[in-house]
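File shown: final12.txt. Contents: compact mmCIF, C-alpha atoms and all ligand atoms.
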```txt
# COMPACT_ATOMS: atom_id res chain seq x y z
CA MET X 1 0.00 0.00 0.00
CA ASP X 2 1.38 3.36 -1.04
CA LEU X 3 0.62 6.21 1.31
CA TYR X 4 -0.20 9.82 0.61
CA GLU X 5 2.42 12.39 1.55
CA TYR X 6 0.47 13.51 4.62
CA GLN X 7 0.15 9.92 5.85
CA ALA X 8 3.83 9.25 5.22
CA LYS X 9 4.75 12.41 7.10
CA SER X 10 2.67 11.37 10.09
CA LEU X 11 4.80 8.20 10.34
CA LEU X 12 8.07 10.08 9.80
CA SER X 13 7.12 12.64 12.38
CA GLY X 14 6.19 9.87 14.81
CA CYS X 15 9.76 8.62 14.43
CA ASP X 16 11.13 12.07 15.35
CA ILE X 17 12.01 13.14 11.83
CA PRO X 18 11.26 16.88 11.53
CA VAL X 19 8.35 17.77 9.22
CA HIS X 20 6.42 21.01 8.94
CA ASN X 21 3.08 21.30 10.68
CA GLY X 22 0.15 20.76 8.40
CA TYR X 23 -3.42 19.63 7.91
CA VAL X 24 -5.49 18.23 5.09
CA VAL X 25 -8.48 19.89 3.42
CA THR X 26 -11.04 18.48 1.02
CA ASN X 27 -12.31 21.87 -0.15
CA PRO X 28 -11.04 25.48 -0.08
CA ASN X 29 -13.44 26.48 2.71
CA GLU X 30 -11.63 24.24 5.14
CA ILE X 31 -8.45 26.29 4.89
CA MET X 32 -7.84 28.15 8.13
CA GLN X 33 -6.86 31.82 8.35
CA PHE X 34 -3.12 32.38 8.48
CA THR X 35 -0.53 35.13 8.61
CA GLU X 36 2.70 33.39 7.52
CA SER X 37 2.94 31.85 4.02
CA LYS X 38 1.60 28.34 3.52
CA VAL X 39 2.33 25.66 0.93
CA LEU X 40 -0.55 23.87 -0.74
CA LYS X 41 0.25 20.35 -1.85
CA ALA X 42 -2.04 18.11 -3.89
CA GLN X 43 -2.29 14.68 -2.26
CA VAL X 44 -1.97 12.29 -5.16
CA GLN X 45 0.09 9.15 -5.36
CA ILE X 46 2.41 10.29 -8.07
CA GLY X 47 5.74 12.11 -8.02
CA GLY X 48 6.60 15.32 -9.85
CA ARG X 49 3.58 17.24 -8.54
CA GLY X 50 5.74 20.34 -8.22
CA LYS X 51 6.21 20.65 -11.98
CA LEU X 52 2.54 19.98 -12.69
CA GLY X 53 0.98 22.65 -10.51
CA GLY X 54 0.46 20.38 -7.53
CA VAL X 55 2.71 22.32 -5.13
CA LYS X 56 2.15 26.06 -4.68
CA VAL X 57 3.04 28.69 -2.12
CA ALA X 58 0.27 31.03 -0.91
CA LYS X 59 1.20 34.31 0.75
CA THR X 60 -2.30 35.27 1.83
CA TYR X 61 -5.47 33.53 2.85
CA SER X 62 -7.31 34.64 -0.28
CA ASP X 63 -4.41 33.44 -2.48
CA ALA X 64 -4.71 30.09 -0.75
CA GLN X 65 -8.44 29.94 -1.49
CA SER X 66 -8.00 30.56 -5.20
CA ILE X 67 -4.93 28.31 -5.52
CA ALA X 68 -6.85 25.53 -3.79
CA SER X 69 -9.92 25.83 -5.98
CA GLU X 70 -7.71 25.59 -9.09
CA MET X 71 -5.74 22.71 -7.61
CA PHE X 72 -8.89 20.68 -6.88
CA LYS X 73 -9.70 20.87 -10.60
CA LEU X 74 -6.35 19.41 -11.63
CA LYS X 75 -5.72 15.94 -12.90
CA ILE X 76 -2.09 15.18 -12.16
CA LYS X 77 -0.94 12.45 -14.53
CA GLY X 78 -4.51 11.20 -14.45
CA HIS X 79 -4.90 11.44 -10.67
CA GLU X 80 -7.75 13.55 -9.34
CA VAL X 81 -6.96 15.89 -6.49
CA LYS X 82 -9.34 15.15 -3.63
CA LYS X 83 -7.20 16.34 -0.75
CA ILE X 84 -4.74 19.15 -0.31
CA LEU X 85 -2.12 19.28 2.41
CA ILE X 86 -1.61 22.77 3.83
CA THR X 87 1.77 23.18 5.53
CA ASP X 88 3.92 25.97 6.87
CA ALA X 89 6.05 27.25 4.01
CA ALA X 90 9.74 26.55 4.24
CA ASN X 91 12.54 28.85 3.24
CA ILE X 92 14.65 26.31 1.40
CA LEU X 93 18.43 26.65 1.18
CA GLU X 94 19.33 23.23 -0.18
CA GLU X 95 17.51 20.07 -1.25
CA TYR X 96 18.82 16.55 -0.67
CA TYR X 97 17.51 13.03 -1.25
CA ALA X 98 17.39 10.00 1.05
CA SER X 99 15.59 6.70 0.75
CA ILE X 100 15.57 3.17 2.10
CA LEU X 101 14.11 0.33 0.13
CA PHE X 102 14.51 -3.39 -0.31
CA ASP X 103 16.62 -4.60 -3.20
CA ARG X 104 15.25 -8.04 -4.05
CA SER X 105 18.01 -8.94 -6.46
CA LYS X 106 20.65 -8.39 -3.76
CA ARG X 107 18.39 -9.59 -0.92
CA LYS X 108 19.46 -6.57 1.09
CA TYR X 109 18.16 -3.22 2.18
CA LEU X 110 19.46 -0.31 0.20
CA LEU X 111 20.00 3.19 1.46
CA ILE X 112 20.33 5.88 -1.20
CA LEU X 113 21.64 9.31 -0.30
CA THR X 114 22.58 12.30 -2.39
CA LYS X 115 23.13 16.00 -1.93
CA GLU X 116 21.43 16.59 -5.27
CA GLY X 117 17.83 16.26 -4.14
CA GLY X 118 14.61 17.80 -5.31
CA VAL X 119 14.98 16.37 -8.79
CA GLU X 120 13.77 12.97 -9.90
CA ILE X 121 16.26 10.43 -8.62
CA GLU X 122 15.82 8.37 -11.79
CA SER X 123 17.13 11.14 -14.03
CA LEU X 124 19.97 11.87 -11.62
CA ALA X 125 20.94 8.21 -11.75
CA VAL X 126 21.25 8.51 -15.52
CA ASN X 127 22.94 11.90 -15.78
CA ASN X 128 25.00 12.14 -12.64
CA PRO X 129 25.31 8.71 -11.01
CA GLU X 130 28.58 9.45 -9.18
CA VAL X 131 26.88 11.80 -6.71
CA ILE X 132 24.52 9.04 -5.55
CA ILE X 133 25.75 7.15 -2.49
CA LYS X 134 24.41 3.63 -2.12
CA HIS X 135 24.73 1.45 0.93
CA TYR X 136 23.50 -2.14 1.20
CA PHE X 137 22.79 -3.67 4.57
CA ASP X 138 20.75 -6.41 6.22
CA THR X 139 18.72 -6.77 9.38
CA SER X 140 21.48 -8.54 11.34
CA ASP X 141 23.69 -5.46 11.19
CA GLY X 142 21.02 -2.83 10.61
CA LEU X 143 22.15 0.72 10.05
CA THR X 144 24.44 2.07 12.76
CA ASP X 145 24.94 5.72 13.71
CA ASN X 146 28.53 5.50 12.68
CA GLU X 147 27.81 3.99 9.28
CA ALA X 148 25.16 6.59 8.62
CA TYR X 149 27.56 9.38 9.57
CA ASN X 150 30.27 8.06 7.26
CA LEU X 151 27.79 7.79 4.40
CA CYS X 152 26.90 11.44 4.90
CA LEU X 153 30.56 12.43 4.72
CA LYS X 154 30.92 10.30 1.61
CA ALA X 155 27.97 12.15 0.10
CA ASP X 156 29.96 15.34 0.67
CA PHE X 157 28.02 16.79 3.59
CA ASN X 158 30.11 18.73 6.09
CA ALA X 159 30.64 17.34 9.58
CA ASP X 160 27.81 19.33 11.23
CA ASP X 161 25.22 18.45 8.61
CA SER X 162 26.41 14.87 8.62
CA GLU X 163 25.66 14.61 12.34
CA VAL X 164 22.10 15.74 11.79
CA ILE X 165 21.41 13.84 8.59
CA ALA X 166 22.91 10.62 9.98
CA GLN X 167 20.35 10.79 12.79
CA ILE X 168 17.57 11.21 10.25
CA LEU X 169 18.81 8.21 8.24
CA VAL X 170 18.85 6.04 11.35
CA LYS X 171 15.32 7.18 12.20
CA MET X 172 14.20 6.41 8.65
CA TRP X 173 15.47 2.87 9.18
CA GLU X 174 13.60 2.69 12.51
CA CYS X 175 10.47 3.87 10.74
CA TYR X 176 11.00 1.31 7.97
CA GLN X 177 11.21 -1.55 10.46
CA LYS X 178 8.59 -0.36 12.91
CA TYR X 179 5.84 -0.11 10.32
CA ASP X 180 6.98 -2.92 7.98
CA ALA X 181 7.57 -0.53 5.12
CA THR X 182 8.95 -1.49 1.74
CA LEU X 183 10.00 2.07 0.95
CA VAL X 184 10.76 5.18 2.97
CA GLU X 185 11.77 8.08 0.78
CA ILE X 186 12.38 11.74 1.58
CA ASN X 187 12.74 14.00 -1.46
CA PRO X 188 13.55 16.68 -0.76
CA LEU X 189 15.22 16.41 2.58
CA ALA X 190 15.79 20.13 2.82
CA LYS X 191 18.00 22.50 4.72
CA CYS X 192 15.71 25.40 5.62
CA LEU X 193 16.30 28.81 7.05
CA GLU X 194 14.32 29.74 10.15
CA GLY X 195 15.14 33.21 11.35
CA ASP X 196 18.91 33.00 11.45
CA THR X 197 19.12 29.30 12.21
CA GLN X 198 19.19 26.37 9.83
CA LYS X 199 17.22 23.19 10.25
CA ILE X 200 16.81 20.04 8.18
CA TYR X 201 13.28 18.89 7.38
CA ALA X 202 11.55 16.15 5.45
CA LEU X 203 9.67 18.38 2.98
CA ASP X 204 8.14 15.51 1.07
CA GLY X 205 7.70 11.90 2.09
CA LYS X 206 6.83 8.69 0.36
CA VAL X 207 6.16 5.52 2.33
CA SER X 208 4.97 2.18 1.00
CA LEU X 209 3.79 -0.43 3.47
CA ASP X 210 4.06 -4.18 3.07
CA ASP X 211 0.53 -5.55 2.58
CA ASN X 212 1.72 -8.89 3.92
CA ALA X 213 2.25 -7.25 7.30
CA TRP X 214 -1.33 -5.99 7.48
CA PHE X 215 -2.15 -8.37 10.33
CA ARG X 216 0.64 -6.86 12.45
CA HIS X 217 -0.61 -3.30 12.15
CA TYR X 218 -4.26 -3.97 11.60
CA ASP X 219 -5.77 -0.71 12.83
CA LEU X 220 -3.01 1.51 11.47
CA TYR X 221 -3.05 -0.02 7.97
CA ASN X 222 -6.85 -0.08 7.85
CA GLY X 223 -6.95 3.56 8.90
CA PHE X 224 -4.58 4.55 6.10
CA ASN X 225 -6.38 2.36 3.62
CA ASP X 226 -9.76 3.90 4.43
CA GLU X 227 -8.35 7.33 3.58
CA LEU X 228 -6.89 6.19 0.28
CA ASP X 229 -8.87 6.84 -2.81
CA THR X 230 -8.86 3.19 -3.82
CA ASN X 231 -9.68 3.12 -7.46
CA ASN X 232 -10.58 -0.49 -7.48
CA TYR X 233 -13.73 -1.69 -5.87
CA PHE X 234 -13.04 -5.39 -6.46
CA GLU X 235 -9.52 -5.29 -5.04
CA GLU X 236 -10.93 -3.65 -1.98
CA LEU X 237 -13.63 -6.28 -1.69
CA ALA X 238 -11.02 -9.01 -2.10
CA ARG X 239 -8.76 -7.57 0.56
CA LYS X 240 -11.58 -7.48 3.07
CA GLN X 241 -12.18 -11.19 2.50
CA ASN X 242 -8.50 -12.13 2.53
CA ILE X 243 -8.54 -13.07 -1.14
CA ASN X 244 -5.31 -12.64 -3.07
CA TYR X 245 -6.62 -10.76 -6.09
CA VAL X 246 -5.57 -8.19 -8.67
CA LYS X 247 -7.99 -6.66 -11.16
CA LEU X 248 -6.88 -6.73 -14.80
CA ASP X 249 -8.54 -5.32 -17.88
CA GLY X 250 -9.81 -8.40 -19.72
CA ASN X 251 -12.89 -10.61 -19.59
CA VAL X 252 -11.67 -14.08 -18.54
CA GLY X 253 -12.07 -14.63 -14.81
CA ILE X 254 -9.09 -16.65 -13.57
CA ILE X 255 -8.80 -18.70 -10.40
CA GLY X 256 -5.79 -20.84 -9.56
CA ASN X 257 -3.74 -21.98 -6.62
CA GLY X 258 -0.21 -20.71 -6.10
CA ALA X 259 1.03 -17.43 -7.53
CA GLY X 260 3.26 -19.23 -10.05
CA LEU X 261 0.45 -21.33 -11.45
CA VAL X 262 -1.89 -18.34 -11.65
CA MET X 263 0.77 -16.30 -13.49
CA SER X 264 1.33 -19.11 -15.99
CA THR X 265 -2.42 -19.36 -16.44
CA LEU X 266 -2.60 -15.67 -17.24
CA ASP X 267 0.26 -16.05 -19.72
CA ILE X 268 -1.26 -18.98 -21.51
CA VAL X 269 -4.69 -17.36 -21.71
CA THR X 270 -3.14 -14.19 -23.14
CA GLN X 271 -1.06 -16.12 -25.65
CA THR X 272 -3.82 -18.44 -26.79
CA GLY X 273 -6.30 -15.56 -26.81
CA GLU X 274 -4.11 -13.58 -29.19
CA GLN X 275 -3.45 -16.55 -31.45
CA TYR X 276 -7.11 -17.45 -31.73
CA TYR X 277 -8.14 -13.89 -32.39
CA GLN X 278 -5.52 -13.42 -35.10
CA ASN X 279 -6.42 -16.70 -36.78
CA GLY X 280 -10.10 -15.82 -36.74
CA LYS X 281 -10.92 -18.69 -34.34
CA ALA X 282 -12.33 -16.26 -31.78
CA SER X 283 -14.71 -13.39 -32.36
CA LYS X 284 -12.93 -11.13 -29.90
CA LEU X 285 -9.63 -10.79 -28.08
CA ASN X 286 -10.10 -12.66 -24.82
CA LYS X 287 -7.83 -11.62 -21.99
CA ALA X 288 -7.58 -12.25 -18.27
CA ALA X 289 -9.94 -10.15 -16.12
CA ASN X 290 -8.00 -10.74 -12.95
CA PHE X 291 -5.33 -12.58 -11.00
CA LEU X 292 -6.77 -14.69 -8.18
CA ASP X 293 -4.73 -17.12 -6.12
CA ILE X 294 -6.69 -19.24 -3.64
CA GLY X 295 -3.34 -20.31 -2.13
CA GLY X 296 -2.29 -23.67 -0.78
CA GLY X 297 -4.76 -25.80 1.13
CA ALA X 298 -7.77 -23.61 0.37
CA ASN X 299 -11.06 -24.97 1.68
CA ALA X 300 -14.46 -25.03 -0.02
CA ASP X 301 -15.51 -21.83 1.68
CA HIS X 302 -12.54 -19.88 0.37
CA MET X 303 -13.17 -21.25 -3.10
CA SER X 304 -16.81 -20.15 -2.93
CA LYS X 305 -15.89 -16.65 -1.79
CA SER X 306 -13.34 -16.39 -4.60
CA LEU X 307 -15.78 -17.55 -7.25
CA ASN X 308 -18.44 -15.16 -5.97
CA LEU X 309 -15.99 -12.28 -6.21
CA ILE X 310 -15.18 -13.11 -9.84
CA LEU X 311 -18.88 -13.52 -10.65
CA SER X 312 -19.63 -10.07 -9.28
CA ASP X 313 -17.25 -8.48 -11.81
CA PRO X 314 -19.37 -7.33 -14.78
CA ASP X 315 -16.35 -7.54 -17.10
CA VAL X 316 -16.21 -11.30 -16.67
CA ASP X 317 -18.01 -13.37 -19.32
CA ARG X 318 -16.20 -16.70 -18.83
CA ILE X 319 -14.14 -18.33 -16.10
CA PHE X 320 -11.11 -20.56 -16.06
CA ILE X 321 -10.35 -22.46 -12.85
CA ASN X 322 -6.93 -24.08 -12.87
CA ILE X 323 -6.02 -26.14 -9.80
CA PHE X 324 -3.00 -28.26 -9.13
CA GLY X 325 -3.82 -30.30 -6.05
CA GLY X 326 -0.88 -30.43 -3.70
CA LEU X 327 -1.86 -29.08 -0.33
CA THR X 328 -5.14 -28.17 -1.97
CA GLN X 329 -7.59 -30.99 -2.53
CA CYS X 330 -9.46 -30.84 -5.81
CA ASP X 331 -12.66 -32.34 -4.33
CA GLU X 332 -12.70 -29.57 -1.74
CA VAL X 333 -12.40 -27.00 -4.55
CA ALA X 334 -15.17 -28.76 -6.50
CA ASN X 335 -17.32 -28.57 -3.41
CA GLY X 336 -16.72 -24.82 -3.19
CA ILE X 337 -17.58 -24.32 -6.86
CA LEU X 338 -20.79 -26.35 -6.61
CA LYS X 339 -21.94 -24.48 -3.52
CA VAL X 340 -21.96 -21.31 -5.60
CA LEU X 341 -23.44 -22.81 -8.76
CA ASP X 342 -26.23 -24.57 -6.88
CA ARG X 343 -27.46 -21.20 -5.70
CA GLN X 344 -27.00 -19.14 -8.81
CA SER X 345 -27.46 -19.88 -12.49
CA ILE X 346 -24.66 -18.82 -14.78
CA GLU X 347 -25.05 -18.25 -18.46
CA PHE X 348 -21.40 -18.49 -19.48
CA PRO X 349 -18.80 -21.25 -19.58
CA ILE X 350 -16.63 -22.24 -16.64
CA VAL X 351 -13.68 -24.27 -17.80
CA ILE X 352 -12.07 -26.35 -15.09
CA ARG X 353 -8.78 -28.15 -15.06
CA PHE X 354 -7.88 -30.25 -12.04
CA ALA X 355 -4.66 -32.17 -11.55
CA GLY X 356 -3.05 -33.83 -8.54
CA ASN X 357 -4.58 -34.49 -5.16
CA ASN X 358 -8.13 -35.91 -5.43
CA ALA X 359 -8.49 -34.61 -8.99
CA SER X 360 -10.59 -37.53 -10.19
CA GLN X 361 -12.96 -37.26 -7.20
CA GLY X 362 -13.34 -33.54 -7.86
CA LEU X 363 -14.05 -34.04 -11.55
CA GLN X 364 -16.55 -36.75 -10.77
CA MET X 365 -18.43 -34.39 -8.44
CA LEU X 366 -18.60 -31.76 -11.16
CA LYS X 367 -19.82 -34.32 -13.66
CA ASN X 368 -22.52 -35.62 -11.30
CA SER X 369 -23.78 -32.11 -10.73
CA ASN X 370 -24.94 -31.81 -14.35
CA HIS X 371 -24.34 -28.09 -14.57
CA LYS X 372 -24.56 -27.37 -18.26
CA ASN X 373 -21.92 -24.63 -18.30
CA ILE X 374 -19.17 -26.51 -16.54
CA MET X 375 -16.60 -27.78 -18.98
CA VAL X 376 -13.73 -29.98 -17.93
CA ALA X 377 -10.35 -29.79 -19.65
CA LYS X 378 -7.64 -32.44 -19.70
CA ASP X 379 -4.71 -30.07 -19.51
CA ILE X 380 -3.86 -26.42 -19.29
CA ASN X 381 -3.39 -25.91 -23.05
CA LYS X 382 -6.70 -27.52 -23.89
CA ALA X 383 -8.37 -25.45 -21.17
CA ALA X 384 -6.93 -22.21 -22.55
CA GLN X 385 -8.21 -23.11 -26.02
CA MET X 386 -11.68 -23.89 -24.69
CA ILE X 387 -11.86 -20.63 -22.82
CA VAL X 388 -10.82 -18.37 -25.70
CA GLU X 389 -12.53 -20.06 -28.64
CA LYS X 390 -16.11 -19.18 -27.69
P1 LIG X 401 6.86 16.41 -5.77
O1 LIG X 401 7.18 17.31 -6.93
O2 LIG X 401 5.61 15.65 -6.00
O3 LIG X 401 7.99 15.52 -5.41
O4 LIG X 401 6.56 17.37 -4.51
P2 LIG X 401 7.53 17.97 -3.40
O5 LIG X 401 6.81 17.98 -2.14
O6 LIG X 401 8.84 17.27 -3.41
O7 LIG X 401 7.70 19.46 -3.84
C1 LIG X 401 8.31 19.80 -5.06
C2 LIG X 401 9.16 21.01 -4.88
O8 LIG X 401 8.40 22.09 -4.38
C3 LIG X 401 10.28 20.81 -3.85
O9 LIG X 401 11.40 20.20 -4.41
C4 LIG X 401 10.54 22.23 -3.43
O10 LIG X 401 11.45 22.84 -4.31
C5 LIG X 401 9.17 22.88 -3.57
N1 LIG X 401 8.59 23.03 -2.24
C6 LIG X 401 7.98 22.08 -1.50
N2 LIG X 401 7.64 22.57 -0.28
C7 LIG X 401 8.07 23.84 -0.26
C8 LIG X 401 8.05 24.88 0.71
O11 LIG X 401 7.57 24.73 1.84
N3 LIG X 401 8.59 26.09 0.35
C9 LIG X 401 9.12 26.31 -0.87
N4 LIG X 401 9.62 27.49 -1.15
N5 LIG X 401 9.18 25.35 -1.81
C10 LIG X 401 8.66 24.14 -1.51
MN MN X 402 9.20 15.21 -3.82
```

Give the structure from the file, written as structure tokens.
Amino acid sequence: MDLYEYQAKSLLSGCDIPVHNGYVVTNPNEIMQFTESKVLKAQVQIGGRGKLGGVKVAKTYSDAQSIASEMFKLKIKGHEVKKILITDAANILEEYYASILFDRSKRKYLLILTKEGGVEIESLAVNNPEVIIKHYFDTSDGLTDNEAYNLCLKADFNADDSEVIAQILVKMWECYQKYDATLVEINPLAKCLEGDTQKIYALDGKVSLDDNAWFRHYDLYNGFNDELDTNNYFEELARKQNINYVKLDGNVGIIGNGAGLVMSTLDIVTQTGEQYYQNGKASKLNKAANFLDIGGGANADHMSKSLNLILSDPDVDRIFINIFGGLTQCDEVANGILKVLDRQSIEFPIVIRFAGNNASQGLQMLKNSNHKNIMVAKDINKAAQMIVEK
């Protein structure tokens, strides 16, 4: 789950990383009177808002009103602006970049630090890679104060700034671990002038949380999720029922067990769908409507819930259920399917392929049920052909 800036900042701030005070509004009338300049920041989950009119400074209250009403009309790279964060305006002297993420290929955490912040890190990596300091580490060693300090020196910060920034890096790592994040990014981490003193702030924050850790932070994650403008109703419905599901843009409902098998099923449906369409063997281009993995050892109830979810998607006009019985028993899956079909009549084909544990029992149950739209396939290729040829 990717958080909005204001949500990310609440976590950063909770870990003692300095952020400017702020609050969120959903319309210009909610802006409070002020005397010192404020910054208005569109809360959308996309970077580069600054260049697209999503970050503006307002000197007066009436400026803020008109800036906000324009900002609420924006679509930033397709994202509607439904919330605006109002924060104290900073007097920025310098902008830096810091992030911690997980590098799967190296199986380590990666800290990225550079003095050249504010810009997109991707373009900096292309044009000026030598100024980017990278540090890999793992949980056994973590990120020590000393390491962080040396990284700051390496990134060309002076000794005083390095002291301060090293503390922020260590707190970012604490934040990463505490909330089971997969990304904590501050861009810009800015040196700001306050009167005649200088202070370093997280001016922008991006935090992604690990959905697999939802159960460990149930209330916190749910709270964030409720505030997100989730653009997919079915994914939301799936999450609430603990179904591993991703909405796609096609019409073939897919259910399988194990992420690998479901991915291969998607691939083979796409491939066969294209072939059949090009050869004129199908009247339209059939593509997967979703990814749905019932997981290992799924019971009949979970299968029923999964099938009901797929059936509620109006884009779906055919279903392919592909089960390899290992931990999962095919007769249990058949039971789950029949529970749904006994209650509801379906006018489109459901192609089923079972292999492995109790496959023949499962297939026999389906056969005995006499549902006219259930079609059984011998193997995955045959199943893919059956599902796309209609
Ligand atoms: P992004 O473009 O979506 O990454 O949004 P940011 O929050 O990073 O803001 C973009 C840019 O706006 C920053 O790099 C700053 O230069 C500028 N900016 C953000 N907050 C302030 C502020 O409080 N005061 C001033 N003067 N500029 C700001
Ligand atoms: Mn930014």

task = Check the smallest atom-to-atom distance from each of X:Glu147, X:Glu194, X:Asp16, X:Asp161 to ligand LIG 401 (chain X) using all atoms listed in the file, then report the winner.
result = X:Glu194

key: All residues 10 Å or closer to stretch 143-146 of chain X, only C-alpha atoms, same chain fewer than 5 positions away omitted, as a PyMOL selection string   = chain X and resi 109+111+135-138+151-152+163+166-174

inquiry  = What's the separation between atom CA of X:Gln271 and atom CA of X:Ala355, in Å to one decimal place?
reply    = 21.7 Å

Need the shell around X:Val340: protein/DNA/RNA residues with any atom at most 12 Å away, counting only C-alpha atoms. Skip same-chain ones fewer than 6 positions apart. Format as a PDB file with C-alpha atoms, in the frame of the given file?
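Okay, result.pdb is ready:
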```pdb
ATOM      1  CA  ALA X 300     -14.460 -25.030  -0.020  1.00  0.00           C
ATOM      2  CA  ASP X 301     -15.510 -21.830   1.680  1.00  0.00           C
ATOM      3  CA  HIS X 302     -12.540 -19.880   0.370  1.00  0.00           C
ATOM      4  CA  MET X 303     -13.170 -21.250  -3.100  1.00  0.00           C
ATOM      5  CA  SER X 304     -16.810 -20.150  -2.930  1.00  0.00           C
ATOM      6  CA  LYS X 305     -15.890 -16.650  -1.790  1.00  0.00           C
ATOM      7  CA  SER X 306     -13.340 -16.390  -4.600  1.00  0.00           C
ATOM      8  CA  LEU X 307     -15.780 -17.550  -7.250  1.00  0.00           C
ATOM      9  CA  ASN X 308     -18.440 -15.160  -5.970  1.00  0.00           C
ATOM     10  CA  LEU X 309     -15.990 -12.280  -6.210  1.00  0.00           C
ATOM     11  CA  ILE X 310     -15.180 -13.110  -9.840  1.00  0.00           C
ATOM     12  CA  LEU X 311     -18.880 -13.520 -10.650  1.00  0.00           C
ATOM     13  CA  VAL X 333     -12.400 -27.000  -4.550  1.00  0.00           C
ATOM     14  CA  ALA X 334     -15.170 -28.760  -6.500  1.00  0.00           C
ATOM     15  CA  ILE X 346     -24.660 -18.820 -14.780  1.00  0.00           C
ATOM     16  CA  HIS X 371     -24.340 -28.090 -14.570  1.00  0.00           C
TER      17      HIS X 371
END
```

inquiry  = Taking only C-alpha atoms and all ligand atoms into account, list the residues no farther than 9 Å from ligand MN 402 (chain X), as a PyMOL selection string.
reply    = chain X and resi 47-50+97+117-120+185-189+203-206

Report, as lines of an AutoDock Vina configuration file, the centre and edge lengths in Å (one decimal) of the axis-aligned box enclosing every listed atom of ligand LIG 401 (chain X), padded by 5 Å on each side.
```
center_x = 8.5
center_y = 21.5
center_z = -2.5
size_x = 15.8
size_y = 22.0
size_z = 18.8
```

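Put simply, atom CA of X:Thr87 is 8.1 Å away from atom C8 of ligand LIG 401 (chain X).
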
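If you measure from each of X:Gly362, X:Asp88, X:Lys51, X:Leu153 to X:Ile76 using all atoms listed in the file, the closest one turns out to be X:Lys51.
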
query = So how many Å separate atom CA of X:Lys287 and atom CA of X:Ile243, to one decimal?
reply = 20.9 Å

Within 9 Å of X:Glu235, counting all atoms listed in the file, which residues show up once you throw out same-chain ones fewer than 6 positions away? Write them as an mmCIF file with C-alpha atoms, in the coordinates of the input, please.
```
data_model
loop_
_atom_site.group_PDB
_atom_site.id
_atom_site.type_symbol
_atom_site.label_atom_id
_atom_site.label_comp_id
_atom_site.auth_asym_id
_atom_site.auth_seq_id
_atom_site.Cartn_x
_atom_site.Cartn_y
_atom_site.Cartn_z
ATOM 1 C CA ILE X 243 -8.540 -13.070 -1.140
ATOM 2 C CA ASN X 244 -5.310 -12.640 -3.070
ATOM 3 C CA TYR X 245 -6.620 -10.760 -6.090
ATOM 4 C CA VAL X 246 -5.570 -8.190 -8.670
ATOM 5 C CA LYS X 247 -7.990 -6.660 -11.160
#
```

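Proximity ranking of X:Gln45, X:Ser283, X:Thr60, X:Ser105 relative to X:Lys83 places X:Gln45 first, based on only C-alpha atoms.
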
request  = Find the residues near X:Asp210: any atom within 10 Å, counting all atoms listed in the file, skip ones fewer than 4 places away on the same chain, and give them as a PyMOL selection string.
outcome  = chain X and resi 1-2+179-183+214+221
